[in-house]
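Raw input-v3.txt, compact mmCIF, N, CA and C atoms:
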```
# COMPACT_ATOMS: atom_id res chain seq x y z
N MET Q 1 105.96 116.23 99.21
CA MET Q 1 105.55 115.04 99.94
C MET Q 1 106.77 114.20 100.26
N LEU Q 2 106.64 113.44 101.32
CA LEU Q 2 107.73 112.58 101.78
C LEU Q 2 107.19 111.18 102.06
N ILE Q 3 108.10 110.21 102.03
CA ILE Q 3 107.79 108.87 102.53
C ILE Q 3 108.21 108.86 104.00
N ALA Q 4 107.38 108.26 104.84
CA ALA Q 4 107.69 108.20 106.27
C ALA Q 4 107.19 106.88 106.84
N ARG Q 5 107.61 106.59 108.07
CA ARG Q 5 107.15 105.40 108.79
C ARG Q 5 106.50 105.88 110.09
N VAL Q 6 105.34 105.34 110.40
CA VAL Q 6 104.66 105.69 111.64
C VAL Q 6 105.38 104.98 112.78
N ILE Q 7 105.86 105.76 113.77
CA ILE Q 7 106.61 105.16 114.88
C ILE Q 7 105.90 105.33 116.22
N GLY Q 8 104.75 106.02 116.22
CA GLY Q 8 104.04 106.18 117.48
C GLY Q 8 102.77 106.98 117.35
N ASP Q 9 102.01 107.00 118.43
CA ASP Q 9 100.78 107.77 118.54
C ASP Q 9 100.96 108.83 119.62
N VAL Q 10 100.24 109.91 119.50
CA VAL Q 10 100.19 110.93 120.54
C VAL Q 10 98.80 110.91 121.13
N VAL Q 11 98.72 110.82 122.45
CA VAL Q 11 97.44 110.88 123.14
C VAL Q 11 97.30 112.28 123.72
N ALA Q 12 96.27 112.99 123.28
CA ALA Q 12 96.03 114.35 123.76
C ALA Q 12 94.58 114.45 124.20
N SER Q 13 94.37 114.63 125.48
CA SER Q 13 92.99 114.70 125.99
C SER Q 13 92.34 116.04 125.66
N GLN Q 14 93.15 117.05 125.42
CA GLN Q 14 92.64 118.37 125.05
C GLN Q 14 93.24 118.77 123.71
N LYS Q 15 92.40 119.11 122.75
CA LYS Q 15 92.85 119.54 121.43
C LYS Q 15 92.06 120.76 121.00
N VAL Q 16 92.61 121.52 120.08
CA VAL Q 16 91.83 122.60 119.49
C VAL Q 16 90.66 121.96 118.73
N PRO Q 17 89.54 122.63 118.60
CA PRO Q 17 88.37 122.02 117.95
C PRO Q 17 88.64 121.45 116.56
N SER Q 18 89.54 122.07 115.80
CA SER Q 18 89.81 121.58 114.44
C SER Q 18 90.52 120.23 114.43
N HIS Q 19 91.10 119.81 115.56
CA HIS Q 19 91.81 118.53 115.63
C HIS Q 19 90.98 117.42 116.28
N GLU Q 20 89.82 117.77 116.83
CA GLU Q 20 89.00 116.77 117.48
C GLU Q 20 88.57 115.71 116.49
N GLY Q 21 88.62 114.44 116.91
CA GLY Q 21 88.24 113.34 116.05
C GLY Q 21 89.33 112.85 115.12
N ARG Q 22 90.53 113.43 115.20
CA ARG Q 22 91.66 113.00 114.38
C ARG Q 22 92.79 112.51 115.25
N LYS Q 23 93.48 111.45 114.77
CA LYS Q 23 94.66 110.95 115.47
C LYS Q 23 95.87 111.81 115.12
N ILE Q 24 96.76 111.94 116.09
CA ILE Q 24 98.05 112.57 115.85
C ILE Q 24 99.10 111.47 115.90
N LEU Q 25 99.90 111.36 114.86
CA LEU Q 25 100.90 110.31 114.75
C LEU Q 25 102.30 110.89 114.83
N VAL Q 26 103.23 110.08 115.35
CA VAL Q 26 104.66 110.41 115.30
C VAL Q 26 105.19 109.66 114.08
N VAL Q 27 105.75 110.39 113.13
CA VAL Q 27 106.24 109.78 111.89
C VAL Q 27 107.71 110.13 111.67
N GLN Q 28 108.45 109.15 111.17
CA GLN Q 28 109.87 109.33 110.87
C GLN Q 28 110.04 109.40 109.35
N PRO Q 29 110.40 110.58 108.81
CA PRO Q 29 110.67 110.65 107.37
C PRO Q 29 111.78 109.68 106.98
N LEU Q 30 111.69 109.15 105.75
CA LEU Q 30 112.64 108.15 105.27
C LEU Q 30 113.26 108.57 103.95
N ASP Q 31 114.52 108.12 103.73
CA ASP Q 31 115.13 108.21 102.41
C ASP Q 31 114.59 107.06 101.57
N LEU Q 32 114.86 107.07 100.27
CA LEU Q 32 114.35 106.02 99.39
C LEU Q 32 114.88 104.64 99.74
N ASP Q 33 116.05 104.57 100.39
CA ASP Q 33 116.60 103.27 100.78
C ASP Q 33 116.01 102.77 102.10
N GLY Q 34 115.09 103.55 102.70
CA GLY Q 34 114.44 103.15 103.94
C GLY Q 34 115.11 103.62 105.20
N SER Q 35 116.25 104.32 105.07
CA SER Q 35 116.93 104.83 106.26
C SER Q 35 116.27 106.13 106.73
N ASP Q 36 116.45 106.42 108.02
CA ASP Q 36 115.85 107.63 108.59
C ASP Q 36 116.40 108.88 107.91
N ARG Q 37 115.51 109.86 107.74
CA ARG Q 37 115.88 111.14 107.12
C ARG Q 37 115.46 112.25 108.08
N GLY Q 38 116.40 112.81 108.81
CA GLY Q 38 116.09 113.90 109.72
C GLY Q 38 115.36 113.43 110.96
N GLU Q 39 114.70 114.38 111.60
CA GLU Q 39 114.01 114.15 112.87
C GLU Q 39 112.57 113.71 112.64
N ALA Q 40 112.04 112.96 113.59
CA ALA Q 40 110.62 112.57 113.56
C ALA Q 40 109.76 113.81 113.74
N VAL Q 41 108.55 113.78 113.18
CA VAL Q 41 107.61 114.89 113.27
C VAL Q 41 106.24 114.37 113.68
N LEU Q 42 105.37 115.29 114.10
CA LEU Q 42 103.98 114.96 114.39
C LEU Q 42 103.14 115.29 113.17
N ALA Q 43 102.17 114.43 112.88
CA ALA Q 43 101.30 114.65 111.72
C ALA Q 43 99.88 114.23 112.06
N LEU Q 44 98.93 114.98 111.55
CA LEU Q 44 97.52 114.63 111.71
C LEU Q 44 97.19 113.53 110.70
N ASP Q 45 96.53 112.48 111.15
CA ASP Q 45 96.23 111.32 110.31
C ASP Q 45 94.92 111.50 109.56
N ALA Q 46 94.97 111.35 108.23
CA ALA Q 46 93.77 111.47 107.41
C ALA Q 46 93.30 110.14 106.85
N VAL Q 47 94.07 109.05 107.10
CA VAL Q 47 93.77 107.78 106.43
C VAL Q 47 93.69 106.57 107.35
N GLY Q 48 93.85 106.73 108.64
CA GLY Q 48 93.78 105.60 109.55
C GLY Q 48 95.03 104.75 109.57
N ALA Q 49 96.20 105.37 109.43
CA ALA Q 49 97.47 104.65 109.43
C ALA Q 49 97.80 104.15 110.83
N GLY Q 50 98.62 103.10 110.89
CA GLY Q 50 99.02 102.53 112.17
C GLY Q 50 100.52 102.45 112.32
N VAL Q 51 100.96 102.20 113.53
CA VAL Q 51 102.38 102.10 113.84
C VAL Q 51 103.02 101.01 112.97
N GLY Q 52 104.17 101.33 112.39
CA GLY Q 52 104.91 100.41 111.56
C GLY Q 52 104.64 100.56 110.07
N GLU Q 53 103.56 101.24 109.70
CA GLU Q 53 103.23 101.39 108.28
C GLU Q 53 104.04 102.51 107.64
N ARG Q 54 104.37 102.29 106.35
CA ARG Q 54 104.98 103.36 105.56
C ARG Q 54 103.85 104.21 105.00
N VAL Q 55 104.04 105.51 105.05
CA VAL Q 55 102.97 106.43 104.68
C VAL Q 55 103.49 107.54 103.78
N LEU Q 56 102.55 108.21 103.14
CA LEU Q 56 102.83 109.40 102.36
C LEU Q 56 102.53 110.59 103.25
N LEU Q 57 103.50 111.49 103.39
CA LEU Q 57 103.41 112.59 104.32
C LEU Q 57 103.42 113.91 103.57
N SER Q 58 102.41 114.73 103.79
CA SER Q 58 102.37 116.09 103.26
C SER Q 58 102.93 117.01 104.33
N THR Q 59 103.94 117.82 103.96
CA THR Q 59 104.59 118.66 104.96
C THR Q 59 104.42 120.14 104.69
N GLU Q 60 103.59 120.49 103.75
CA GLU Q 60 103.30 121.90 103.50
C GLU Q 60 102.03 122.26 104.24
N GLY Q 61 102.05 123.33 105.00
CA GLY Q 61 100.93 123.71 105.84
C GLY Q 61 99.59 123.72 105.12
N PHE Q 62 99.46 124.46 104.01
CA PHE Q 62 98.17 124.57 103.33
C PHE Q 62 97.74 123.22 102.77
N SER Q 63 98.67 122.50 102.16
CA SER Q 63 98.35 121.17 101.62
C SER Q 63 97.93 120.21 102.72
N ALA Q 64 98.62 120.26 103.84
CA ALA Q 64 98.28 119.38 104.97
C ALA Q 64 96.89 119.72 105.51
N MET Q 65 96.60 121.01 105.64
CA MET Q 65 95.29 121.43 106.16
C MET Q 65 94.16 120.94 105.28
N THR Q 66 94.30 121.16 103.98
CA THR Q 66 93.22 120.79 103.08
C THR Q 66 93.12 119.28 102.90
N ALA Q 67 94.24 118.57 103.02
CA ALA Q 67 94.22 117.11 102.87
C ALA Q 67 93.40 116.43 103.95
N VAL Q 68 93.37 117.01 105.13
CA VAL Q 68 92.60 116.43 106.23
C VAL Q 68 91.26 117.13 106.41
N GLY Q 69 90.91 118.00 105.46
CA GLY Q 69 89.62 118.67 105.51
C GLY Q 69 89.49 119.67 106.63
N ARG Q 70 90.59 120.29 107.00
CA ARG Q 70 90.60 121.26 108.10
C ARG Q 70 91.26 122.57 107.65
N PRO Q 71 90.67 123.27 106.68
CA PRO Q 71 91.29 124.53 106.24
C PRO Q 71 91.35 125.53 107.39
N ASN Q 72 92.38 126.34 107.36
CA ASN Q 72 92.61 127.38 108.38
C ASN Q 72 92.85 126.80 109.77
N SER Q 73 93.44 125.60 109.82
CA SER Q 73 93.77 124.95 111.09
C SER Q 73 95.28 124.96 111.30
N PRO Q 74 95.75 124.87 112.54
CA PRO Q 74 97.19 124.85 112.80
C PRO Q 74 97.79 123.47 112.54
N ILE Q 75 98.03 123.16 111.27
CA ILE Q 75 98.55 121.84 110.88
C ILE Q 75 99.77 122.06 109.98
N ASP Q 76 100.90 121.46 110.36
CA ASP Q 76 102.11 121.54 109.55
C ASP Q 76 102.30 120.30 108.69
N ALA Q 77 101.81 119.14 109.13
CA ALA Q 77 102.03 117.89 108.41
C ALA Q 77 100.81 116.99 108.55
N ALA Q 78 100.56 116.20 107.50
CA ALA Q 78 99.43 115.28 107.51
C ALA Q 78 99.82 113.99 106.81
N VAL Q 79 99.37 112.87 107.37
CA VAL Q 79 99.51 111.56 106.72
C VAL Q 79 98.35 111.45 105.76
N ILE Q 80 98.67 111.34 104.44
CA ILE Q 80 97.62 111.36 103.42
C ILE Q 80 97.52 110.07 102.62
N GLY Q 81 98.33 109.07 102.94
CA GLY Q 81 98.25 107.80 102.25
C GLY Q 81 99.07 106.73 102.94
N VAL Q 82 98.64 105.48 102.77
CA VAL Q 82 99.41 104.33 103.26
C VAL Q 82 100.07 103.72 102.01
N ILE Q 83 101.38 103.52 102.07
CA ILE Q 83 102.15 103.02 100.91
C ILE Q 83 102.15 101.50 100.91
N ASP Q 84 101.73 100.90 99.79
CA ASP Q 84 101.78 99.46 99.63
C ASP Q 84 103.13 99.01 99.07
N ALA Q 85 103.66 99.76 98.10
CA ALA Q 85 104.93 99.38 97.47
C ALA Q 85 105.56 100.61 96.85
N VAL Q 86 106.89 100.58 96.75
CA VAL Q 86 107.64 101.61 96.04
C VAL Q 86 108.50 100.88 95.02
N ASP Q 87 108.33 101.19 93.75
CA ASP Q 87 109.11 100.57 92.68
C ASP Q 87 110.01 101.65 92.06
N LEU Q 88 111.32 101.43 92.08
CA LEU Q 88 112.27 102.37 91.52
C LEU Q 88 112.88 101.79 90.26
N ASP Q 89 113.08 102.61 89.25
CA ASP Q 89 113.73 102.20 88.01
C ASP Q 89 115.23 102.21 88.23
N PRO Q 90 115.89 101.07 88.18
CA PRO Q 90 117.33 101.02 88.47
C PRO Q 90 118.16 101.77 87.43
N GLY Q 91 117.59 102.05 86.26
CA GLY Q 91 118.33 102.74 85.21
C GLY Q 91 118.33 104.25 85.35
N VAL Q 92 117.65 104.76 86.35
CA VAL Q 92 117.57 106.22 86.49
C VAL Q 92 118.55 106.70 87.53
```

Mind converting the file's structure to structure tokens?
Amino acid sequence: MLIARVIGDVVASQKVPSHEGRKILVVQPLDLDGSDRGEAVLALDAVGAGVGERVLLSTEGFSAMTAVGRPNSPIDAAVIGVIDAVDLDPGV
């Protein structure tokens, strides 16, 4: 799992049946300090996240599929949580 920030929405008038009724989000993975980590990716939204929110991102195909209740679907990443806070132990 990764921490990411939602940076956009994808509007698709035609989707495979397994994606109907779900939003597709553009998410930017983040390092723990909040800086960008790699390239932005597309993810199926399972929690109703919005642009600007920090989210928990599942990037394993099987985990992403089952997290959004779409087993055997073509899904590489899914937004599975909205992050309220991240607390790090400074001694670690």

*Counting only C-alpha atoms, what is within 7 Å of Ala64 in chain Q, bar same-chain residues fewer than 3 positions away, as a ChimeraX atom specification?*
/Q:58-61,67-68,75-78

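Among the candidates Q:Val10, Q:Ser63, Q:Ile3, Q:Lys23, the one nearest to Ser35 in chain Q when counting only C-alpha atoms is Q:Ile3.
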
*asked:* Quick check, in Å to one decimal: how far apart do CA of Gly69 in chain Q and CA of Leu57 in chain Q lie?
replied: 15.1 Å

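For the pair CA of Asp89 in chain Q and CA of Gly52 in chain Q, the interatomic distance is 25.2 Å.
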
*Go through chain Q and collect every residue that DSSP, computed from the backbone, puts in helix (DSSP H, G or I); the answer should be as a PyMOL selection string.*
chain Q and resi 17-19+61-67

List the neighbours of Gly50 in chain Q out to 7 Å using all atoms listed in the file; skip same-chain residues closer than 4 positions along the sequence, and give me the result as a PDB file with N, CA and C atoms, keeping the file's coordinate frame.
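Below is the file that was written, result_28.pdb:
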```pdb
ATOM      1  N   VAL Q   6     105.340 105.340 110.400  1.00  0.00           N
ATOM      2  CA  VAL Q   6     104.660 105.690 111.640  1.00  0.00           C
ATOM      3  C   VAL Q   6     105.380 104.980 112.780  1.00  0.00           C
ATOM      4  N   ILE Q   7     105.860 105.760 113.770  1.00  0.00           N
ATOM      5  CA  ILE Q   7     106.610 105.160 114.880  1.00  0.00           C
ATOM      6  C   ILE Q   7     105.900 105.330 116.220  1.00  0.00           C
ATOM      7  N   GLY Q   8     104.750 106.020 116.220  1.00  0.00           N
ATOM      8  CA  GLY Q   8     104.040 106.180 117.480  1.00  0.00           C
ATOM      9  C   GLY Q   8     102.770 106.980 117.350  1.00  0.00           C
TER      10      GLY Q   8
END
```

_I'd like the interatomic distance between CA of Gly21 in chain Q and CA of Ile83 in chain Q, to a tenth of an Å._
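The value is 23.0 Å.
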
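Contact shell of Gln28 in chain Q at 6.5 Å (only N, CA and C atoms; same-chain neighbours under 3 positions omitted): Ile3, Ala4, Arg5, Val6, Ile7, Asp36, Arg37, Glu39, Ala40 and Val41 of chain Q.
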
_strand (DSSP E) residues, from DSSP on the backbone, in chain Q, as number ranges by chain_ = Q: 2-10, 24-30, 41-45, 54-58, 78-82

Box time for range 11-29 of chain Q: axis-aligned, enclosing all its listed atoms, 3 Å extra on each side; report centre and edge lengths in Å to one decimal, as JSON.
```
{"center_x": 100.0, "center_y": 115.9, "center_z": 116.5, "size_x": 29.5, "size_y": 19.5, "size_z": 25.0}
```
